[in-house]
Each structure stands twice: as C-alpha cells, then as structure tokens.
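**Q** To be precise about what I am sending: the file is called work25.cif and holds mmCIF, C-alpha atoms.
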```cif
data_data
#
loop_
_atom_site.label_atom_id
_atom_site.label_comp_id
_atom_site.auth_asym_id
_atom_site.auth_seq_id
_atom_site.Cartn_x
_atom_site.Cartn_y
_atom_site.Cartn_z
CA MET E 1 -51.70 38.88 64.94
CA GLN E 2 -52.16 40.43 61.51
CA VAL E 3 -51.44 37.07 59.89
CA ASP E 4 -54.07 35.44 62.11
CA LEU E 5 -56.59 38.09 61.19
CA TYR E 6 -55.72 37.80 57.51
CA LEU E 7 -56.12 34.03 57.51
CA GLU E 8 -59.36 34.04 59.48
CA THR E 9 -60.79 36.66 57.12
CA LEU E 10 -59.65 34.69 54.09
CA LEU E 11 -61.14 31.47 55.42
CA ALA E 12 -64.34 33.13 56.50
CA ALA E 13 -64.69 34.73 53.08
CA HIS E 14 -64.30 31.35 51.41
CA ALA E 15 -66.22 29.29 53.86
CA PRO E 16 -68.57 26.79 52.22
CA GLY E 17 -72.21 27.61 52.48
CA PRO E 18 -74.57 30.44 51.82
CA ARG E 19 -72.21 33.22 52.87
CA GLY E 20 -70.60 33.01 49.44
CA ILE E 21 -67.25 34.35 48.41
CA VAL E 22 -66.33 37.86 49.38
CA ASP E 23 -63.75 39.56 47.23
CA GLU E 24 -61.14 41.16 49.42
CA PRO E 25 -58.36 43.06 47.64
CA THR E 26 -55.79 42.31 50.32
CA PHE E 27 -55.92 38.57 49.76
CA ASP E 28 -53.07 36.94 47.92
CA PRO E 29 -54.56 35.88 44.56
CA GLY E 30 -53.06 32.39 44.73
CA GLU E 31 -54.26 31.75 48.26
CA ARG E 32 -57.66 33.15 47.41
CA ALA E 33 -57.92 30.80 44.43
CA ALA E 34 -56.82 27.87 46.59
CA ALA E 35 -59.36 28.65 49.31
CA GLN E 36 -62.06 29.09 46.69
CA LEU E 37 -61.25 25.77 45.04
CA LEU E 38 -61.14 23.85 48.31
CA ALA E 39 -64.34 25.42 49.58
CA SER E 40 -66.23 24.53 46.43
CA ARG E 41 -64.73 21.16 45.54
CA LEU E 42 -63.96 19.38 48.79
CA VAL E 43 -67.37 17.95 49.46
CA ARG E 44 -68.59 15.95 52.39
CA PHE E 45 -69.32 12.31 51.66
CA HIS E 46 -71.99 10.21 53.27
CA PRO E 47 -71.82 6.49 53.89
CA SER E 48 -74.23 4.19 52.12
CA PHE E 49 -77.75 3.92 53.50
CA ARG E 50 -77.20 0.22 54.05
CA PHE E 51 -74.10 0.80 56.16
CA GLU E 52 -75.73 3.62 58.14
CA GLU E 53 -78.78 1.52 58.99
CA ALA E 54 -76.75 -1.57 59.86
CA LEU E 55 -74.59 0.43 62.25
CA ALA E 56 -77.66 2.16 63.70
CA THR E 57 -79.17 -1.26 64.42
CA ARG E 58 -75.99 -2.44 66.05
CA LEU E 59 -75.71 0.70 68.19
CA ARG E 60 -79.37 0.37 69.18
CA ALA E 61 -78.80 -3.20 70.30
CA LEU E 62 -75.68 -2.22 72.22
CA ALA E 63 -77.42 0.75 73.82
CA GLY E 64 -80.41 -1.41 74.74
CA GLY E 65 -78.11 -3.93 76.33
CA ARG E 66 -76.25 -1.24 78.26
CA ALA E 67 -79.47 0.38 79.44
CA GLY E 68 -80.81 -3.02 80.49
CA GLY E 69 -84.15 -2.14 78.95
CA ALA E 70 -86.86 -4.48 77.86
CA ASP E 71 -86.08 -3.89 74.21
CA ALA E 72 -82.57 -5.17 74.53
CA THR E 73 -81.86 -7.80 71.93
CA VAL E 74 -79.34 -10.56 71.84
CA THR E 75 -76.86 -10.11 69.02
CA ASP E 76 -73.88 -12.03 67.80
CA PHE E 77 -70.70 -11.30 69.62
CA PRO E 78 -69.21 -8.45 67.59
CA ALA E 79 -65.83 -8.64 65.98
CA PRO E 80 -63.38 -6.38 67.82
CA PRO E 81 -63.29 -2.96 66.16
CA THR E 82 -60.06 -1.79 64.55
CA GLY E 83 -57.50 -0.53 66.99
CA VAL E 84 -59.12 -1.92 70.12
CA PRO E 85 -56.44 -3.72 72.10
CA ALA E 86 -56.82 -7.46 72.39
CA PRO E 87 -57.99 -8.83 75.74
CA PRO E 88 -55.09 -9.41 78.11
CA ARG E 89 -53.44 -12.77 77.74
CA PRO E 90 -52.25 -14.72 80.77
CA ALA E 91 -48.90 -13.43 81.93
CA PHE E 92 -46.00 -15.36 80.50
CA ARG E 93 -44.44 -15.82 83.92
CA ASP E 94 -47.57 -17.52 85.27
CA ARG E 95 -47.62 -20.12 82.53
CA ARG E 96 -43.88 -20.53 82.73
CA SER E 97 -43.87 -21.26 86.49
CA ILE E 98 -46.34 -24.09 86.04
CA LEU E 99 -44.19 -25.57 83.31
CA ILE E 100 -41.04 -25.27 85.40
CA GLY E 101 -42.77 -26.85 88.41
CA GLY E 102 -43.85 -29.82 86.31
CA ALA E 103 -40.43 -30.21 84.77
CA ILE E 104 -38.70 -30.12 88.15
CA ALA E 105 -41.05 -32.76 89.57
CA SER E 106 -40.53 -34.93 86.50
CA GLY E 107 -36.79 -34.40 86.72
CA PHE E 108 -36.64 -35.52 90.34
CA SER E 109 -38.68 -38.61 89.53
CA LEU E 110 -36.44 -39.57 86.63
CA ALA E 111 -33.32 -38.95 88.71
CA GLY E 112 -34.71 -41.16 91.47
CA VAL E 113 -35.43 -44.00 89.06
CA ALA E 114 -31.97 -43.69 87.47
CA LEU E 115 -30.22 -43.63 90.87
CA PHE E 116 -32.12 -46.72 92.00
CA ALA E 117 -31.30 -48.58 88.78
CA TRP E 118 -27.65 -47.60 89.04
CA ARG E 119 -27.46 -48.65 92.68
CA VAL E 120 -28.94 -52.06 91.79
CA ALA E 121 -26.65 -52.66 88.83
CA ALA E 122 -23.40 -51.26 90.23
CA PRO E 123 -21.13 -53.64 92.23
CA PRO E 124 -20.96 -52.80 95.93
CA ARG E 125 -17.76 -51.02 96.95
CA THR E 126 -17.46 -52.32 100.52
CA PRO E 127 -16.98 -55.95 101.73
CA PHE E 128 -20.03 -55.56 103.91
CA GLY E 129 -22.07 -54.48 100.89
CA ARG E 130 -20.84 -57.42 98.84
CA ALA E 131 -21.72 -59.84 101.68
CA ALA E 132 -25.19 -58.33 102.12
CA ARG E 133 -25.94 -58.60 98.40
CA ALA E 134 -24.72 -62.25 98.27
CA ALA E 135 -27.00 -63.09 101.20
CA HIS E 136 -29.92 -61.41 99.46
CA ARG E 137 -29.27 -63.31 96.24
CA GLY E 138 -29.13 -66.55 98.20
CA ARG E 139 -32.45 -65.83 99.92
CA VAL E 140 -34.16 -64.97 96.63
CA SER E 141 -32.85 -68.03 94.72
CA ALA E 142 -33.37 -70.60 97.53
CA PRO E 143 -36.51 -72.83 97.18
CA LYS E 144 -39.34 -71.86 99.44
CA VAL E 145 -40.03 -74.35 102.20
CA ARG E 146 -43.45 -74.68 103.66
CA THR E 147 -43.60 -75.11 107.36
CA MET N 148 -76.35 14.97 74.95
CA GLU N 149 -77.22 14.71 78.62
CA ALA N 150 -80.12 12.43 77.70
CA ALA N 151 -77.77 10.17 75.78
CA ARG N 152 -75.40 10.06 78.71
CA ARG N 153 -78.18 9.07 81.08
CA ASP N 154 -79.73 6.61 78.66
CA PRO N 155 -77.57 5.20 75.86
CA ARG N 156 -80.70 4.59 73.80
CA ALA N 157 -80.88 8.35 73.22
CA PHE N 158 -77.55 8.16 71.38
CA GLU N 159 -79.14 7.63 67.98
CA PRO N 160 -79.83 11.32 67.12
CA LEU N 161 -76.17 12.09 67.80
CA TYR N 162 -75.17 9.20 65.60
CA ARG N 163 -77.43 10.37 62.76
CA LYS N 164 -76.09 13.89 63.04
CA TYR N 165 -72.41 13.03 62.94
CA VAL N 166 -72.11 9.79 60.99
CA GLY N 167 -71.57 11.60 57.69
CA GLN N 168 -68.92 13.88 59.16
CA VAL N 169 -66.95 11.07 60.74
CA TYR N 170 -67.21 8.92 57.62
CA SER N 171 -66.10 11.79 55.39
CA PHE N 172 -63.14 12.56 57.64
CA ALA N 173 -62.12 8.92 57.53
CA LEU N 174 -62.59 8.71 53.76
CA TYR N 175 -60.33 11.69 53.08
CA GLU N 176 -57.70 10.09 55.29
CA LEU N 177 -57.89 6.51 54.13
CA ARG N 178 -59.13 6.86 50.53
CA ASP N 179 -61.02 3.63 50.79
CA HIS N 180 -64.77 3.30 51.34
CA HIS N 181 -64.55 0.02 53.21
CA ARG N 182 -61.83 1.15 55.56
CA ALA N 183 -63.67 4.42 56.15
CA GLU N 184 -66.77 2.44 57.10
CA ASP N 185 -64.76 0.23 59.44
CA VAL N 186 -63.31 3.27 61.19
CA THR N 187 -66.71 4.98 61.38
CA GLU N 188 -68.16 1.89 63.00
CA ALA N 189 -65.29 1.67 65.48
CA VAL N 190 -65.64 5.35 66.35
CA PHE N 191 -69.35 5.18 67.17
CA LEU N 192 -69.09 1.91 69.07
CA ARG N 193 -66.28 3.37 71.12
CA ALA N 194 -68.16 6.65 71.60
CA LEU N 195 -71.26 4.84 72.85
CA THR N 196 -69.19 2.78 75.26
CA ALA N 197 -67.26 5.81 76.52
CA LEU N 198 -70.25 8.17 76.65
CA PRO N 199 -70.61 8.04 80.46
CA ARG N 200 -67.07 9.39 80.70
CA PHE N 201 -67.69 12.25 78.27
CA ASP N 202 -67.02 15.59 79.93
CA GLU N 203 -69.38 18.25 78.66
CA ARG N 204 -67.44 21.23 79.94
CA GLY N 205 -66.41 23.58 77.18
CA GLU N 206 -67.61 26.37 74.99
CA GLY N 207 -70.76 24.60 73.87
CA ALA N 208 -72.09 21.14 74.48
CA ASP N 209 -72.60 20.44 70.80
CA SER N 210 -69.14 21.64 69.79
CA THR N 211 -67.53 19.81 72.70
CA PHE N 212 -69.19 16.57 71.72
CA ARG N 213 -68.06 16.94 68.11
CA VAL N 214 -64.50 17.63 69.22
CA TRP N 215 -64.60 14.61 71.54
CA LEU N 216 -65.99 12.41 68.77
CA PHE N 217 -63.37 13.58 66.28
CA ARG N 218 -60.63 12.92 68.81
CA ILE N 219 -61.85 9.33 68.98
CA ALA N 220 -61.86 9.34 65.18
CA ARG N 221 -58.33 10.70 65.04
CA ASN N 222 -57.10 7.90 67.31
CA ALA N 223 -59.00 5.27 65.35
CA LEU N 224 -57.51 6.62 62.13
CA ALA N 225 -54.03 6.58 63.60
CA ASN N 226 -54.50 2.89 64.42
CA GLU N 227 -55.91 2.20 60.97
CA ARG N 228 -53.10 4.09 59.25
CA ARG N 229 -50.54 1.97 61.03
CA HIS N 230 -52.20 -0.97 59.33
CA VAL N 231 -52.62 0.82 55.99
CA ARG N 232 -48.93 1.75 55.82
CA ARG N 233 -48.19 -1.88 55.27
CA HIS N 234 -50.36 -1.83 52.16
CA PRO N 235 -50.15 0.31 49.02
CA GLU N 236 -52.28 3.43 49.20
CA ALA N 237 -54.64 4.38 46.43
CA PRO N 238 -54.52 7.94 45.15
CA LEU N 239 -57.17 10.14 46.70
CA ASP N 240 -59.25 10.64 43.55
CA ALA N 241 -59.46 6.88 43.00
CA ALA N 242 -61.71 6.69 46.03
CA PHE N 243 -64.34 8.98 44.58
CA ASP N 244 -66.51 8.95 41.55
CA VAL N 245 -68.61 11.70 40.07
CA ALA N 246 -71.82 10.22 38.82
CA VAL N 247 -74.37 12.86 39.71
CA LEU N 248 -74.20 14.89 36.52
CA ASP N 249 -76.05 13.81 33.38
CA ASP N 250 -74.24 16.07 30.93
CA PRO N 251 -71.00 14.34 29.87
CA ALA N 252 -69.21 17.66 29.23
CA ALA N 253 -70.24 19.04 32.61
CA ARG N 254 -69.26 15.77 34.22
CA ALA N 255 -65.84 15.90 32.58
CA ALA N 256 -65.32 19.50 33.71
CA GLU N 257 -66.43 18.66 37.23
CA ARG N 258 -64.19 15.64 37.29
CA GLU N 259 -61.24 17.75 36.21
CA ALA N 260 -61.93 20.39 38.86
CA LEU N 261 -62.21 17.68 41.52
CA ALA N 262 -59.02 16.08 40.28
CA VAL N 263 -57.17 19.37 40.59
CA ALA N 264 -58.42 19.93 44.15
CA TRP N 265 -57.66 16.39 45.24
CA ARG N 266 -54.28 16.36 43.56
CA ALA N 267 -53.46 19.55 45.42
CA ILE N 268 -54.33 18.22 48.85
CA ASP N 269 -53.07 14.74 48.07
CA ARG N 270 -49.48 15.97 48.03
CA LEU N 271 -49.74 17.77 51.33
CA PRO N 272 -48.15 16.36 54.46
CA GLU N 273 -50.63 14.48 56.63
CA ASP N 274 -51.12 17.15 59.28
CA ARG N 275 -51.74 19.94 56.74
CA ARG N 276 -54.19 17.85 54.79
CA ARG N 277 -56.03 16.90 57.94
CA ALA N 278 -56.29 20.54 59.00
CA LEU N 279 -57.65 21.53 55.58
CA VAL N 280 -60.21 18.73 55.58
CA LEU N 281 -61.42 19.69 59.05
CA ARG N 282 -61.67 23.30 57.93
CA PHE N 283 -63.15 23.01 54.46
CA VAL N 284 -65.06 19.74 54.59
CA GLU N 285 -66.14 19.62 58.22
CA GLU N 286 -66.41 23.42 58.46
CA MET N 287 -64.82 23.56 61.87
CA THR N 288 -63.49 26.61 63.66
CA THR N 289 -59.80 27.02 64.35
CA SER N 290 -60.37 26.31 68.04
CA GLU N 291 -62.20 23.06 67.26
CA ILE N 292 -59.43 21.93 64.92
CA ALA N 293 -56.84 22.84 67.53
CA ALA N 294 -58.64 20.77 70.16
CA ILE N 295 -58.92 17.76 67.83
CA LEU N 296 -55.33 17.86 66.63
CA GLY N 297 -53.97 18.66 70.10
CA ARG N 298 -52.25 21.87 68.95
CA SER N 299 -52.56 25.55 69.73
CA GLU N 300 -54.82 27.73 67.63
CA GLY N 301 -51.77 29.60 66.36
CA ALA N 302 -50.15 26.36 65.23
CA VAL N 303 -53.34 25.36 63.41
CA ARG N 304 -53.46 28.73 61.62
CA VAL N 305 -49.86 28.23 60.53
CA LEU N 306 -50.71 24.73 59.30
CA ILE N 307 -53.68 25.94 57.30
CA HIS N 308 -51.83 28.92 55.89
CA ARG N 309 -48.91 26.76 54.74
CA ALA N 310 -51.34 24.25 53.30
CA LEU N 311 -53.11 26.98 51.34
CA ARG N 312 -49.81 28.23 49.99
CA SER N 313 -48.88 24.71 48.90
CA VAL N 314 -52.23 24.29 47.19
CA ALA N 315 -51.82 27.67 45.51
CA ALA N 316 -48.39 26.65 44.25
CA GLU N 317 -49.82 23.37 43.00
CA LEU N 318 -52.58 25.18 41.14
CA GLY N 319 -50.00 27.48 39.59
CA ARG N 320 -48.01 24.47 38.38
CA ASP N 321 -51.17 22.94 36.93
CA ARG N 322 -51.94 26.15 35.05
CA ASP N 323 -48.39 26.32 33.69
CA GLU N 324 -48.56 22.73 32.48
CA ALA N 325 -51.91 23.35 30.80
CA ARG N 326 -50.47 26.22 28.71
#
```
Spit out the file's structure as structure tokens when you get a sec.

**A**
Amino acid sequence: MQVDLYLETLLAAHAPGPRGIVDEPTFDPGERAAAQLLASRLVRFHPSFRFEEALATRLRALAGGRAGGADATVTDFPAPPTGVPAPPRPAFRDRRSILIGGAIASGFSLAGVALFAWRVAAPPRTPFGRAARAAHRGRVSAPKVRT
Amino acid sequence: MEAARRDPRAFEPLYRKYVGQVYSFALYELRDHHRAEDVTEAVFLRALTALPRFDERGEGADSTFRVWLFRIARNALANERRHVRRHPEAPLDAAFDVAVLDDPAARAAEREALAVAWRAIDRLPEDRRRALVLRFVEEMTTSEIAAILGRSEGAVRVLIHRALRSVAAELGRDRDEAR
C-alpha cells in the first residue's frame, strides 16, 4: 500500500504538463531523476498532415458507406489492414471430395475399357467360348449376300 | 461517442482527437514511421467497423473509449510485431530526428538528452516499456493502463516501478561512463 502511494505520488509529481515537478524528499534520487527525464523527454509524436488527411478521407468514405447516406462515395477496394485475418478459403475436404469423386469415376471408366480390351484379346477358356468366337469370326469375315 | 455510434459519420472528431496518441504509441513500439502509420490506419478502420459493438459502460465515456481504442491498438501492434520479428529492428532513436531547434549547440544537447532517455527505455523488456510509454507519453492513469494491458492495477504499478528503477540504473551507468 505504501509502495503504491509512493509510486503514485512520484508519478504525479513528475507528470508531464503544467503541474511541474514537485520536490519530495522521500523520493529515491535515482527514480526521481528517471521520472523527471522520462516526463520531459518522451514526447508525443504526430503523424504527417498528409497521412492524417488521407486516413480521414478514407474513414469518411467508409462511414458514409456504412451510414448509407447521400454523401457516400465509391472508393477503391481497400487493401486488407495488417493483422486482419484473410477471408475464409473453401474447406480442404470440400475440394478434396470433388477430386476424389472425379478420380473414382475416371478409374471405373478406365477399368471398364481395360477389362473389355482384355476380354477381347484373351483366348476363351471354355470349348463353348471358343466355338462362339469362331462362329462370330466366320460371320464377320463372310461376304455379305443381298437378298 | 453516442453520436458516432448512431451515425458513423460523427466518428471524425474522435479520430482527430486520438490519431496522434495511437500513432505515437505505435511509433514507440515499432520504431518505424511507415509501420506506425500502417498500424494507426488499421486501428481506426477497425474501430470504425467495430464501433456499434463498443460498450460505453465504465468510469467515463471518454476514458472508456480511449481504453477500447488502445486495446485495438495493442492487438494490432501484436500482429505487426509478429511480422517485425522476422526483420531486423532499428534502434529507437533512429526513428526520431530533432530538427526543431535552430541553435546547433542546443540541438546537440537536446539530442543527447533524448538519446539518453530513449537508450534507457530501449533496453527495457517490452511490457515495462509499454507501461512507461502509456504513462509518460500518453499520460494515462494506472487504471487505464491496467485495462489496456489486461493486468491488475497493482501489477501495473510494479511494472512501472521496476521500469523506473531500470531507467535509474541506466542513467547511473551513463553518468559513470561520462566521468
């Protein structure tokens, strides 16, 4: 409690502004010098006039747009400010499912074509199969007769 | 404040009042004019967007708004610092220049005094430096600083007291080296 009071008194005594510096014998000389230095030398900076006016214009335009007033102006789409999270991207799973669906469909098609080609090229295993294929070859190679 | 909440076009007086404070806070943190401007811009754009959600309850509307604004600034600075860490940081006094004095001797003396002050706070840990800047540059009360930094008032007093001791020790070292 005493420390709190001491510090608040020290800081109040060395606050910047018209109150000035009050000499208090209980203050530690080093801390008093530090507070004095910081109060007098740490100044507040102001941004450039150009920056301040440009931002004021931008805020005015944004405020006008938000209020929906007649003085709202159309401005360029602003660059995202630092630290603002990027807009959400499509979920990875959503894009992935489409890709998988397409791949599966393509896979089935390719497998079907390969199976058909293999079935055509491979020799039939059964006598009935061999007989059916010989009959088919004979029908295809025989000259067509018009009736 | 209430007017600005009802109509965002009434935000401009608040902006004019606090733009210097926010910019200064950012400049002491980042030590770079351009980055400080970027953060200041982000803070006010975010504040204007979030103004309808601003809760005015507190000890005083003006103080509450400043605390709210500086909380936005603290978050924006935290984001910016994450980026800055990947780049070399300039020393604090490199960001400033003293060009207001005509007398070269006075300017040299002023420059030296500034260098001593900045050197002293430059070596402080981030939280102590931030507390000192809020206190001595922004002239905030302990309760305001506590609300901005998300700490108790007692913790803020401890921070400031330790920071003052460090600065005092730094000044003592400077004096010893000068002898």

**Q** For atom CA of N:Ala310 and atom CA of N:Arg282, determine how far apart the two atoms are, in Å to one decimal place.

**A** 11.4 Å

**Q** How many Å separate atom CA of E:Leu37 from atom CA of N:Glu184?

**A**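 Calculated distance between atom CA of E:Leu37 and atom CA of N:Glu184 is 26.8 Å.
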
**Q** May I have the residues of chain E within 6 Å of chain N, counting all atoms listed in the file, written as a ChimeraX atom specification?

**A** /E:30-31,34,39,41-46,63,81,83

**Q** What does the structure give for the distance between atom CA of N:Ile295 and atom CA of N:Pro199, in Å to one decimal?

**A**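 Calculated distance between atom CA of N:Ile295 and atom CA of N:Pro199 is 19.8 Å.
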
**Q** Looking at only C-alpha atoms, which of N:Ala253, N:Glu176, N:Val214, N:Ile219 is the one that sits closest to N:Ala197?

**A** N:Ile219
